[in-house]
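Peer 1: For reference, this is final17.csv, and it has CSV, C-alpha atoms.
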```csv
chain,number,residue,atom,x,y,z
A,26,MET,CA,0.0,0.0,0.0
A,27,ASP,CA,1.3,3.4,-1.0
A,28,PHE,CA,1.3,6.0,1.8
A,29,GLU,CA,2.9,8.8,-0.2
A,30,LEU,CA,1.0,12.0,-0.1
A,31,THR,CA,-0.7,13.3,-3.2
A,32,THR,CA,0.5,16.6,-4.6
A,33,GLU,CA,-2.5,18.4,-3.2
A,34,GLN,CA,-2.0,16.8,0.3
A,35,GLN,CA,1.7,17.7,0.3
A,36,ILE,CA,0.9,21.3,-0.6
A,37,PHE,CA,-1.7,21.4,2.1
A,38,TYR,CA,0.7,20.0,4.7
A,39,ASP,CA,3.6,22.3,3.7
A,40,THR,CA,1.3,25.4,3.8
A,41,VAL,CA,0.1,24.6,7.3
A,42,ASN,CA,3.5,23.5,8.5
A,43,ARG,CA,5.0,26.8,7.2
A,44,PHE,CA,2.4,28.8,9.0
A,45,ALA,CA,3.2,26.9,12.2
A,46,ALA,CA,6.9,27.6,11.8
A,47,ASN,CA,6.4,31.3,11.1
A,48,GLU,CA,3.6,32.1,13.5
A,49,LEU,CA,3.5,29.5,16.3
A,50,ALA,CA,7.0,28.2,17.0
A,51,ASP,CA,8.2,31.2,19.0
A,52,GLY,CA,5.3,31.0,21.5
A,53,ALA,CA,5.1,27.2,21.7
A,54,VAL,CA,6.6,26.9,25.2
A,55,LYS,CA,4.6,29.8,26.6
A,56,ARG,CA,1.4,28.2,25.2
A,57,ALA,CA,2.3,24.8,26.6
A,58,ASN,CA,2.7,26.3,30.1
A,59,SER,CA,-0.4,28.6,29.9
A,60,ASP,CA,-3.8,27.8,31.4
A,61,GLY,CA,-7.0,28.1,29.5
A,62,TYR,CA,-8.0,27.4,26.0
A,63,PRO,CA,-6.1,29.3,23.3
A,64,TRP,CA,-9.1,31.1,21.7
A,65,ASP,CA,-6.8,33.4,19.6
A,66,ILE,CA,-5.4,30.3,17.9
A,67,ALA,CA,-8.8,28.8,17.5
A,68,LYS,CA,-10.0,31.8,15.6
A,69,ARG,CA,-6.9,31.9,13.4
A,70,PHE,CA,-7.5,28.2,12.5
A,71,ALA,CA,-11.1,28.9,11.8
A,72,GLU,CA,-10.1,31.5,9.3
A,73,MET,CA,-7.6,29.1,7.7
A,74,GLY,CA,-10.3,26.4,7.3
A,75,LEU,CA,-8.6,24.0,9.8
A,76,LEU,CA,-11.8,23.5,11.9
A,77,GLY,CA,-14.5,21.1,10.6
A,78,ILE,CA,-12.2,19.7,7.9
A,79,THR,CA,-14.0,16.3,7.7
A,80,ILE,CA,-17.5,17.7,8.1
A,81,PRO,CA,-19.3,17.9,4.8
A,82,GLU,CA,-19.9,21.3,3.2
A,83,SER,CA,-23.6,20.5,3.2
A,84,LYS,CA,-23.5,20.6,7.0
A,85,GLY,CA,-21.3,23.7,7.2
A,86,GLY,CA,-17.9,22.1,7.3
A,87,ILE,CA,-14.9,22.2,4.9
A,88,GLY,CA,-15.7,18.9,3.2
A,89,GLY,CA,-12.1,17.5,3.4
A,90,THR,CA,-10.9,14.0,4.2
A,91,LEU,CA,-9.8,12.3,7.4
A,92,THR,CA,-6.2,12.3,6.0
A,93,ASP,CA,-6.4,16.1,5.7
A,94,ALA,CA,-7.3,16.5,9.3
A,95,ILE,CA,-4.5,14.2,10.4
A,96,LEU,CA,-2.0,16.2,8.3
A,97,ALA,CA,-3.2,19.4,9.8
A,98,ILE,CA,-2.7,18.1,13.4
A,99,GLN,CA,0.8,16.8,12.6
A,100,ALA,CA,1.9,19.9,10.6
A,101,ILE,CA,1.0,22.1,13.6
A,102,ALA,CA,2.3,19.8,16.3
A,103,GLU,CA,5.8,19.9,14.8
A,104,PHE,CA,6.2,23.5,15.9
A,105,CYS,CA,3.5,24.0,18.6
A,106,PRO,CA,2.0,20.9,20.3
A,107,ARG,CA,-0.5,22.9,22.3
A,108,SER,CA,-2.0,24.5,19.2
A,109,ALA,CA,-2.5,21.0,17.7
A,110,ASP,CA,-5.1,20.4,20.5
A,111,VAL,CA,-7.2,23.0,18.8
A,112,VAL,CA,-7.2,21.2,15.5
A,113,GLN,CA,-8.2,18.0,17.4
A,114,ALA,CA,-11.1,19.8,19.2
A,115,GLY,CA,-12.3,21.2,15.9
A,116,ASN,CA,-12.2,17.9,13.9
A,117,PHE,CA,-12.3,14.9,16.2
A,118,GLY,CA,-14.1,13.7,19.3
A,119,ALA,CA,-17.3,15.3,20.3
A,120,ILE,CA,-17.7,17.7,17.3
A,121,ARG,CA,-17.2,14.8,14.8
A,122,THR,CA,-19.8,12.6,16.5
A,123,PHE,CA,-22.2,15.5,16.8
A,124,ALA,CA,-21.8,16.5,13.1
A,125,GLU,CA,-22.3,12.9,12.0
A,126,TYR,CA,-25.6,12.4,13.7
A,127,ALA,CA,-27.1,15.8,14.5
A,128,SER,CA,-30.4,17.0,13.1
A,129,ASP,CA,-30.5,20.0,10.8
A,130,ALA,CA,-31.8,22.1,13.6
A,131,GLN,CA,-29.1,21.0,16.0
A,132,LEU,CA,-26.4,21.7,13.3
A,133,LYS,CA,-27.8,25.2,12.7
A,134,ARG,CA,-27.9,26.0,16.4
A,135,TYR,CA,-24.5,24.8,17.6
A,136,LEU,CA,-22.1,24.2,14.7
A,137,PRO,CA,-21.4,27.7,13.4
A,138,GLU,CA,-20.0,29.0,16.7
A,139,LEU,CA,-17.8,25.8,17.1
A,140,LEU,CA,-16.4,26.1,13.5
A,141,ALA,CA,-15.8,29.8,14.0
A,142,GLY,CA,-13.4,29.1,16.9
A,143,GLU,CA,-15.7,30.9,19.3
A,144,GLY,CA,-16.8,27.8,21.2
A,145,VAL,CA,-15.6,24.3,22.0
A,146,MET,CA,-17.6,21.1,22.7
A,147,SER,CA,-16.8,18.7,25.5
A,148,VAL,CA,-17.9,15.1,25.8
A,149,GLY,CA,-19.2,13.5,29.0
A,150,MET,CA,-18.6,9.7,28.9
A,151,SER,CA,-16.7,8.6,32.0
A,152,GLU,CA,-18.3,8.4,35.4
A,153,PRO,CA,-16.9,7.7,38.8
A,154,ASP,CA,-17.8,4.0,38.4
A,155,ALA,CA,-17.7,3.8,34.5
A,156,GLY,CA,-14.3,4.5,33.0
A,157,SER,CA,-13.0,1.9,30.6
A,158,SER,CA,-16.3,0.1,31.1
A,159,VAL,CA,-18.3,2.9,29.7
A,160,THR,CA,-21.4,0.7,29.2
A,161,GLU,CA,-21.7,0.7,33.0
A,162,LEU,CA,-22.7,4.4,33.0
A,163,LYS,CA,-25.6,5.4,35.3
A,164,THR,CA,-26.4,8.9,34.3
A,165,PHE,CA,-30.1,8.5,33.3
A,166,ALA,CA,-32.5,10.3,31.1
A,167,THR,CA,-36.2,9.9,32.0
A,168,PRO,CA,-38.9,11.1,29.6
A,169,ASP,CA,-41.3,13.7,31.0
A,170,GLY,CA,-43.8,15.0,28.5
A,171,ASP,CA,-41.9,16.9,25.8
A,172,ASP,CA,-38.7,16.8,27.8
A,173,PHE,CA,-36.2,14.5,29.5
A,174,ILE,CA,-35.0,14.7,33.1
A,175,VAL,CA,-31.3,13.9,33.5
A,176,ASN,CA,-29.7,12.8,36.7
A,177,GLY,CA,-26.1,11.6,37.3
A,178,SER,CA,-22.5,12.8,37.0
A,179,LYS,CA,-19.5,12.8,34.7
A,180,VAL,CA,-15.8,13.1,35.2
A,181,PHE,CA,-12.6,13.6,33.1
A,182,GLY,CA,-14.1,15.6,30.2
A,183,THR,CA,-11.5,17.3,28.0
A,184,ASN,CA,-12.4,21.1,27.6
A,185,SER,CA,-15.1,20.8,30.3
A,186,VAL,CA,-13.9,24.0,31.9
A,187,GLU,CA,-14.2,26.1,28.7
A,188,ALA,CA,-17.0,24.3,26.8
A,189,LYS,CA,-20.4,26.0,26.2
A,190,VAL,CA,-22.0,22.8,25.0
A,191,PHE,CA,-21.6,19.2,26.1
A,192,LEU,CA,-22.2,15.9,24.3
A,193,ILE,CA,-23.4,13.7,27.2
A,194,TYR,CA,-23.7,9.9,27.1
A,195,LEU,CA,-26.9,8.9,28.8
A,196,ARG,CA,-28.8,5.8,29.7
A,197,PHE,CA,-32.4,5.7,28.4
A,198,GLY,CA,-33.0,2.1,29.4
A,199,PRO,CA,-31.2,-1.1,30.5
A,200,GLY,CA,-28.2,-2.7,28.8
A,201,THR,CA,-26.0,-1.4,26.0
A,202,GLU,CA,-29.0,-0.9,23.8
A,203,GLY,CA,-30.4,1.6,26.3
A,204,ILE,CA,-27.4,4.0,25.9
A,205,GLY,CA,-27.6,7.2,23.7
A,206,SER,CA,-26.6,10.9,24.0
A,207,ALA,CA,-27.8,14.4,24.2
A,208,ILE,CA,-26.5,17.9,23.9
A,209,ILE,CA,-26.7,19.9,27.1
A,210,GLU,CA,-25.8,23.6,27.3
A,211,ARG,CA,-23.8,25.3,30.0
A,212,GLY,CA,-26.3,27.2,32.2
A,213,THR,CA,-29.1,24.7,31.9
A,214,SER,CA,-31.1,24.5,35.1
A,215,GLY,CA,-30.0,21.4,37.1
A,216,PHE,CA,-26.6,21.2,35.3
A,217,GLU,CA,-23.7,22.2,37.6
A,218,ILE,CA,-20.0,22.3,36.6
A,219,GLY,CA,-17.9,21.4,39.6
A,220,PRO,CA,-14.5,22.9,40.6
A,221,SER,CA,-11.7,22.3,38.1
A,222,TYR,CA,-8.7,20.1,38.8
A,223,ARG,CA,-5.3,20.4,37.2
A,224,TYR,CA,-3.9,17.2,35.7
A,225,MET,CA,-0.3,16.1,34.9
A,226,ASN,CA,-0.7,17.0,31.3
A,227,GLY,CA,-1.5,20.6,32.2
A,228,GLU,CA,-5.2,20.5,31.4
A,229,PHE,CA,-8.0,21.5,33.7
A,230,TRP,CA,-11.1,19.3,33.9
A,231,SER,CA,-14.3,19.7,35.8
A,232,PRO,CA,-16.8,17.1,37.0
A,233,LEU,CA,-20.3,17.6,35.7
A,234,TYR,CA,-23.4,17.1,37.9
A,235,PHE,CA,-27.0,16.7,36.7
A,236,GLU,CA,-29.8,16.9,39.3
A,237,GLU,CA,-33.3,17.0,37.8
A,238,CYS,CA,-31.8,18.6,34.8
A,239,ARG,CA,-34.6,19.2,32.2
A,240,ILE,CA,-33.7,19.2,28.5
A,241,PRO,CA,-36.0,19.3,25.5
A,242,LYS,CA,-36.4,16.2,23.3
A,243,ALA,CA,-34.9,18.4,20.5
A,244,ASN,CA,-31.6,18.1,22.3
A,245,ILE,CA,-31.4,14.3,22.0
A,246,LEU,CA,-28.6,13.4,19.6
A,247,LEU,CA,-28.9,9.6,19.6
A,248,GLY,CA,-31.6,8.1,21.7
A,249,SER,CA,-31.9,4.5,23.0
A,250,GLY,CA,-29.9,2.2,20.7
A,251,GLY,CA,-27.4,4.8,19.6
A,252,PHE,CA,-24.4,3.5,21.5
A,253,LYS,CA,-22.9,1.6,18.6
A,254,LYS,CA,-23.1,4.7,16.3
A,255,GLN,CA,-21.5,6.8,19.0
A,256,ILE,CA,-18.6,4.3,19.4
A,257,SER,CA,-18.0,4.2,15.6
A,258,GLY,CA,-17.5,7.9,15.8
A,259,PHE,CA,-15.2,7.4,18.7
A,260,ASN,CA,-12.8,5.5,16.5
A,261,ILE,CA,-12.1,8.8,14.8
A,262,GLU,CA,-11.3,10.3,18.1
A,263,ARG,CA,-8.7,7.6,18.7
A,264,LEU,CA,-7.0,8.5,15.4
A,265,GLY,CA,-6.9,12.1,16.4
A,266,ASN,CA,-5.3,11.1,19.7
A,267,ALA,CA,-2.9,8.8,17.8
A,268,ALA,CA,-1.9,11.6,15.4
A,269,ARG,CA,-1.0,14.0,18.2
A,270,ALA,CA,0.8,11.3,20.2
A,271,VAL,CA,3.2,10.3,17.4
A,272,ALA,CA,3.6,13.9,16.2
A,273,VAL,CA,4.4,15.2,19.7
A,274,GLY,CA,6.8,12.4,20.2
A,275,ARG,CA,8.5,13.4,17.0
A,276,LYS,CA,8.7,16.9,18.2
A,277,ALA,CA,10.6,15.8,21.2
A,278,PHE,CA,12.8,13.6,19.0
A,279,LEU,CA,13.7,16.6,16.8
A,280,GLU,CA,14.5,18.8,19.8
A,281,ALA,CA,16.7,16.1,21.3
A,282,ARG,CA,18.4,15.6,17.9
A,283,GLU,CA,19.4,19.3,17.6
A,284,HIS,CA,20.6,19.2,21.2
A,285,ALA,CA,22.8,16.1,20.6
A,286,LYS,CA,24.4,17.7,17.5
A,287,THR,CA,25.6,20.7,19.4
A,288,ARG,CA,26.0,19.7,23.1
A,289,GLN,CA,29.5,18.6,24.0
A,290,GLN,CA,30.8,16.4,26.8
A,291,PHE,CA,34.3,15.0,27.3
A,292,GLY,CA,35.4,17.1,24.3
A,293,ARG,CA,32.9,15.5,21.8
A,294,ASP,CA,29.4,16.1,20.5
A,295,ILE,CA,27.2,13.8,22.5
A,296,CYS,CA,25.7,12.4,19.2
A,297,GLU,CA,29.1,10.6,18.8
A,298,PHE,CA,28.4,8.4,21.7
A,299,GLN,CA,27.0,5.0,20.7
A,300,GLY,CA,24.7,4.8,23.6
A,301,LEU,CA,22.8,7.9,22.4
A,302,GLN,CA,23.0,6.8,18.8
A,303,TRP,CA,21.1,3.7,19.7
A,304,LYS,CA,18.4,5.7,21.5
A,305,PHE,CA,17.8,7.8,18.4
A,306,ALA,CA,17.7,4.8,16.2
A,307,GLU,CA,15.0,3.1,18.3
A,308,MET,CA,13.1,6.4,18.6
A,309,GLN,CA,13.0,6.8,14.8
A,310,MET,CA,12.1,3.2,14.2
A,311,ARG,CA,9.1,3.3,16.6
A,312,LEU,CA,7.9,6.7,15.4
A,313,GLU,CA,8.0,5.8,11.7
A,314,SER,CA,6.4,2.4,12.3
A,315,ALA,CA,3.6,3.9,14.3
A,316,GLN,CA,3.0,6.6,11.6
A,317,LEU,CA,2.6,3.9,9.0
A,318,LEU,CA,-0.1,2.1,11.1
A,319,LEU,CA,-1.8,5.5,11.6
A,320,MET,CA,-1.9,6.2,7.8
A,321,ARG,CA,-3.1,2.7,7.1
A,322,ALA,CA,-6.0,3.2,9.4
A,323,VAL,CA,-6.8,6.5,7.8
A,324,THR,CA,-6.6,5.4,4.2
A,325,ARG,CA,-8.6,2.2,4.9
A,326,ALA,CA,-11.4,4.2,6.6
A,327,ASP,CA,-14.8,3.6,5.0
A,328,ASN,CA,-16.6,7.0,4.5
A,329,ASN,CA,-14.1,8.6,6.9
A,330,LEU,CA,-15.0,6.1,9.6
A,331,PRO,CA,-12.0,3.8,10.5
A,332,SER,CA,-12.5,0.3,11.7
A,333,ALA,CA,-12.3,-0.4,15.4
A,334,HIS,CA,-9.4,-2.8,14.8
A,335,ASP,CA,-7.3,-0.5,12.7
A,336,SER,CA,-7.9,2.5,15.0
A,337,ALA,CA,-6.9,0.4,18.1
A,338,LEU,CA,-3.7,-0.8,16.4
A,339,ALA,CA,-2.8,2.7,15.4
A,340,LYS,CA,-3.5,4.3,18.7
A,341,LEU,CA,-1.6,1.7,20.7
A,342,ALA,CA,1.4,2.0,18.4
A,343,CYS,CA,1.3,5.8,18.4
A,344,ASN,CA,0.8,6.1,22.1
A,345,ASP,CA,3.7,3.8,22.9
A,346,ALA,CA,6.0,5.4,20.3
A,347,GLY,CA,5.2,8.9,21.3
A,348,PHE,CA,5.8,8.4,25.0
A,349,PHE,CA,8.9,6.4,24.3
A,350,ALA,CA,10.4,9.1,22.1
A,351,ALA,CA,9.5,11.9,24.5
A,352,ASN,CA,10.9,10.0,27.5
A,353,GLU,CA,14.1,9.2,25.7
A,354,ALA,CA,14.4,12.7,24.4
A,355,LEU,CA,14.1,14.1,27.9
A,356,GLN,CA,16.8,11.7,29.1
A,357,VAL,CA,19.1,12.8,26.3
A,358,MET,CA,18.6,16.5,27.2
A,359,GLY,CA,19.0,15.9,30.9
A,360,ALA,CA,18.1,18.8,33.2
A,361,LEU,CA,17.5,21.1,30.2
A,362,GLY,CA,14.7,18.9,28.9
A,363,PHE,CA,13.2,18.6,32.4
A,364,SER,CA,12.8,22.4,32.7
A,365,ASP,CA,9.6,24.3,32.1
A,366,ASP,CA,11.6,26.5,29.7
A,367,ASN,CA,11.8,23.5,27.3
A,368,ILE,CA,9.0,21.9,25.3
A,369,VAL,CA,10.3,18.4,25.8
A,370,GLN,CA,8.9,18.0,29.3
A,371,TYR,CA,5.5,19.1,28.0
A,372,CYS,CA,5.8,16.5,25.2
A,373,LEU,CA,6.4,13.8,27.9
A,374,ARG,CA,3.4,14.8,30.0
A,375,ARG,CA,1.1,15.0,27.0
A,376,THR,CA,2.1,11.7,25.5
A,377,ARG,CA,1.7,10.0,28.8
A,378,GLY,CA,-1.9,11.2,29.2
A,379,TRP,CA,-2.9,9.9,25.8
A,380,MET,CA,-2.0,6.4,26.9
A,381,ILE,CA,-5.0,6.7,29.2
A,382,ALA,CA,-7.4,9.0,27.3
A,383,GLY,CA,-9.6,7.8,24.5
A,384,GLY,CA,-9.2,4.1,25.5
A,385,SER,CA,-6.2,3.0,27.6
A,386,THR,CA,-3.4,1.0,26.1
A,387,GLU,CA,-4.7,-2.1,28.0
A,388,ILE,CA,-8.2,-1.7,26.6
A,389,LEU,CA,-6.7,-1.3,23.1
A,390,LYS,CA,-4.9,-4.6,23.5
A,391,ASN,CA,-8.1,-6.3,24.4
A,392,ARG,CA,-9.8,-4.9,21.3
A,393,ILE,CA,-6.9,-5.9,19.1
A,394,ALA,CA,-7.1,-9.5,20.5
A,395,GLU,CA,-10.8,-9.6,19.6
A,396,GLY,CA,-9.9,-8.7,16.0
A,397,ILE,CA,-7.2,-11.4,15.9
A,398,PHE,CA,-9.5,-14.2,17.2
A,399,GLU,CA,-12.7,-12.7,15.6
A,400,ARG,CA,-14.7,-13.1,18.8
A,401,ARG,CA,-15.6,-11.0,21.8
A,402,PHE,CA,-13.9,-11.4,25.1
A,403,SER,CA,-16.0,-10.1,27.9
A,404,GLN,CA,-14.1,-8.6,30.8
A,405,ARG,CA,-17.0,-9.1,33.2
A,406,PRO,CA,-17.1,-12.0,35.6
A,407,LYS,CA,-19.3,-14.9,34.5
A,408,LYS,CA,-22.8,-15.0,36.1
A,409,SER,CA,-23.4,-17.8,38.6
A,410,VAL,CA,-26.1,-20.3,38.0
A,411,LYS,CA,-28.2,-18.6,40.6
A,412,GLU,CA,-27.9,-15.2,38.9
A,413,LYS,CA,-28.9,-16.7,35.5
A,414,THR,CA,-32.0,-18.1,36.9
```
Here is the file; what I need is its structure written in the form of structure tokens.
Peer 2:
Amino acid sequence: MDFELTTEQQIFYDTVNRFAANELADGAVKRANSDGYPWDIAKRFAEMGLLGITIPESKGGIGGTLTDAILAIQAIAEFCPRSADVVQAGNFGAIRTFAEYASDAQLKRYLPELLAGEGVMSVGMSEPDAGSSVTELKTFATPDGDDFIVNGSKVFGTNSVEAKVFLIYLRFGPGTEGIGSAIIERGTSGFEIGPSYRYMNGEFWSPLYFEECRIPKANILLGSGGFKKQISGFNIERLGNAARAVAVGRKAFLEAREHAKTRQQFGRDICEFQGLQWKFAEMQMRLESAQLLLMRAVTRADNNLPSAHDSALAKLACNDAGFFAANEALQVMGALGFSDDNIVQYCLRRTRGWMIAGGSTEILKNRIAEGIFERRFSQRPKKSVKEKT
């Protein structure tokens, strides 16, 4: 399979990459260490057409491909990893699932502000007792006339501090078939956003609480039975995660390479020491192998929806390679890489977080094994005879 970029794709990548080098590189460390969402960058990206790349023009998007969105993330991440998060938020995750299944009225109400870089959408999946086992969620939506009443809570939502609208996974009935989702706006009565917590990767997340929260039926995105559709959209989220992981790992690799070419110890450039040469060889091997798996998943996607198996393989490879490269790069750079004045420590923290977010590496291995053996492996304990009866 040929993973070479077309002429148009290469021009697109080079254009975005050149913008990042000229406009974003100098402030990369400052942005990495700053709190809050970079709204100035979001608006610039909206003007450049980097938000809503994979959303069809008929829905208000750019009408590009999944490959285009991946290229945009990686072109930006090479010079400013924090800004690449904005491309992610504007193309993957909550916004992509929303755009795929939203009604015309929902699109008209919410999408323009998001694609203008003036708002960001957060997703509420995880709960205190439902993380990797997301089907165990308890946040419930009960019909009440023309409305639904929502009760429950969510945790670990990216952009939950800044978001104006939230895509919330809800239970409408028992079992997996009873799971769907709704759009809930900040400020809705009965919806409280808890105090924010700072995490190792520098992000702030807030828990979400729903107590007799009334929402209209018009806000339901996918009702009962919508879980499988939502998860198919989540495979795109995993590729966005993977694209950033390998790109940010490559950023750390490049920083360490420049350091090794100029830093001297014992009267020699440190790149002349075999121990470091081997580190760089393994970093490059892992990064390039992971990139190939990512591009395979992207190019084999059906209607811009990648398979669960391909996306799990790509995310696992990119997560491992990105963190490995960032960790080794920091070791090469020593105390300099460990400093807040250097981007490499940020790369390490970010890549480590992506090994948990969007499906942990352990969950990905389970999913890959299911593809290998072509059968499901339930992680739940088997029911006793008494429970079955």
Peer 1: Listing only residues of stretch 138-160 of chain A within 12 Å of stretch 82-94 of chain A, what is the closest atom pair and its distance in Å (to one decimal) for each, using only C-alpha atoms, sorted by chain and residue number ascending, as a tab-separated table?
Peer 2:
```
residue	atom	partner	partner_atom	distance
A:Glu138	CA	A:Gly85	CA	11.0
A:Leu139	CA	A:Gly86	CA	10.5
A:Leu140	CA	A:Gly86	CA	7.5
A:Ala141	CA	A:Gly86	CA	10.4
```
Peer 1: At what distance in Å, to one decimal, does atom CA of A:Arg56 lie from atom CA of A:Ser185?
Peer 2: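 Straight-line distance from atom CA of A:Ser185 to atom CA of A:Arg56 works out to 18.8 Å.
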Peer 1: If you measure from atom CA of A:Leu49 to atom CA of A:Cys105, what distance in Å do you get, rounded to one decimal?
Peer 2: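 Between atom CA of A:Leu49 and atom CA of A:Cys105 the gap is 6.0 Å.
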Peer 1: Can you pull out every residue within 9 Å of A:Glu72, counting only C-alpha atoms, but drop anything in the same chain fewer than 4 positions away, and send it as a list in words?
Peer 2: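 Final neighbour list, sorted by chain and number: Ala67, Lys68, Leu76, Ala141 and Gly142 of chain A.
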Peer 1: With C-alpha atoms kept, could you save the residues just selected as an mmCIF file, in the frame of the given file?
Peer 2:
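Written output follows (result_14.cif):
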```
data_model
loop_
_atom_site.group_PDB
_atom_site.id
_atom_site.type_symbol
_atom_site.label_atom_id
_atom_site.label_comp_id
_atom_site.auth_asym_id
_atom_site.auth_seq_id
_atom_site.Cartn_x
_atom_site.Cartn_y
_atom_site.Cartn_z
ATOM 1 C CA ALA A 67 -8.800 28.800 17.500
ATOM 2 C CA LYS A 68 -10.000 31.800 15.600
ATOM 3 C CA LEU A 76 -11.800 23.500 11.900
ATOM 4 C CA ALA A 141 -15.800 29.800 14.000
ATOM 5 C CA GLY A 142 -13.400 29.100 16.900
#
```
Peer 1: List the spatial neighbours of A:Val148 as a PDB file with C-alpha atoms, in the frame of the given file - criterion: any atom at most 6 Å away, only C-alpha atoms, same-chain residues fewer than 3 positions off excluded.
Peer 2:
```
ATOM      1  CA  ALA A 119     -17.300  15.300  20.300  1.00  0.00           C
ATOM      2  CA  GLY A 182     -14.100  15.600  30.200  1.00  0.00           C
ATOM      3  CA  PHE A 191     -21.600  19.200  26.100  1.00  0.00           C
ATOM      4  CA  LEU A 192     -22.200  15.900  24.300  1.00  0.00           C
ATOM      5  CA  ILE A 193     -23.400  13.700  27.200  1.00  0.00           C
TER       6      ILE A 193
END
```
Peer 1: Would you please work out which residue, of A:Val357, A:Thr40, A:Gly362, A:Ala394, is nearest to A:Trp303 when using all atoms listed in the file?
Peer 2: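 The answer is A:Val357, which sits nearest to A:Trp303.
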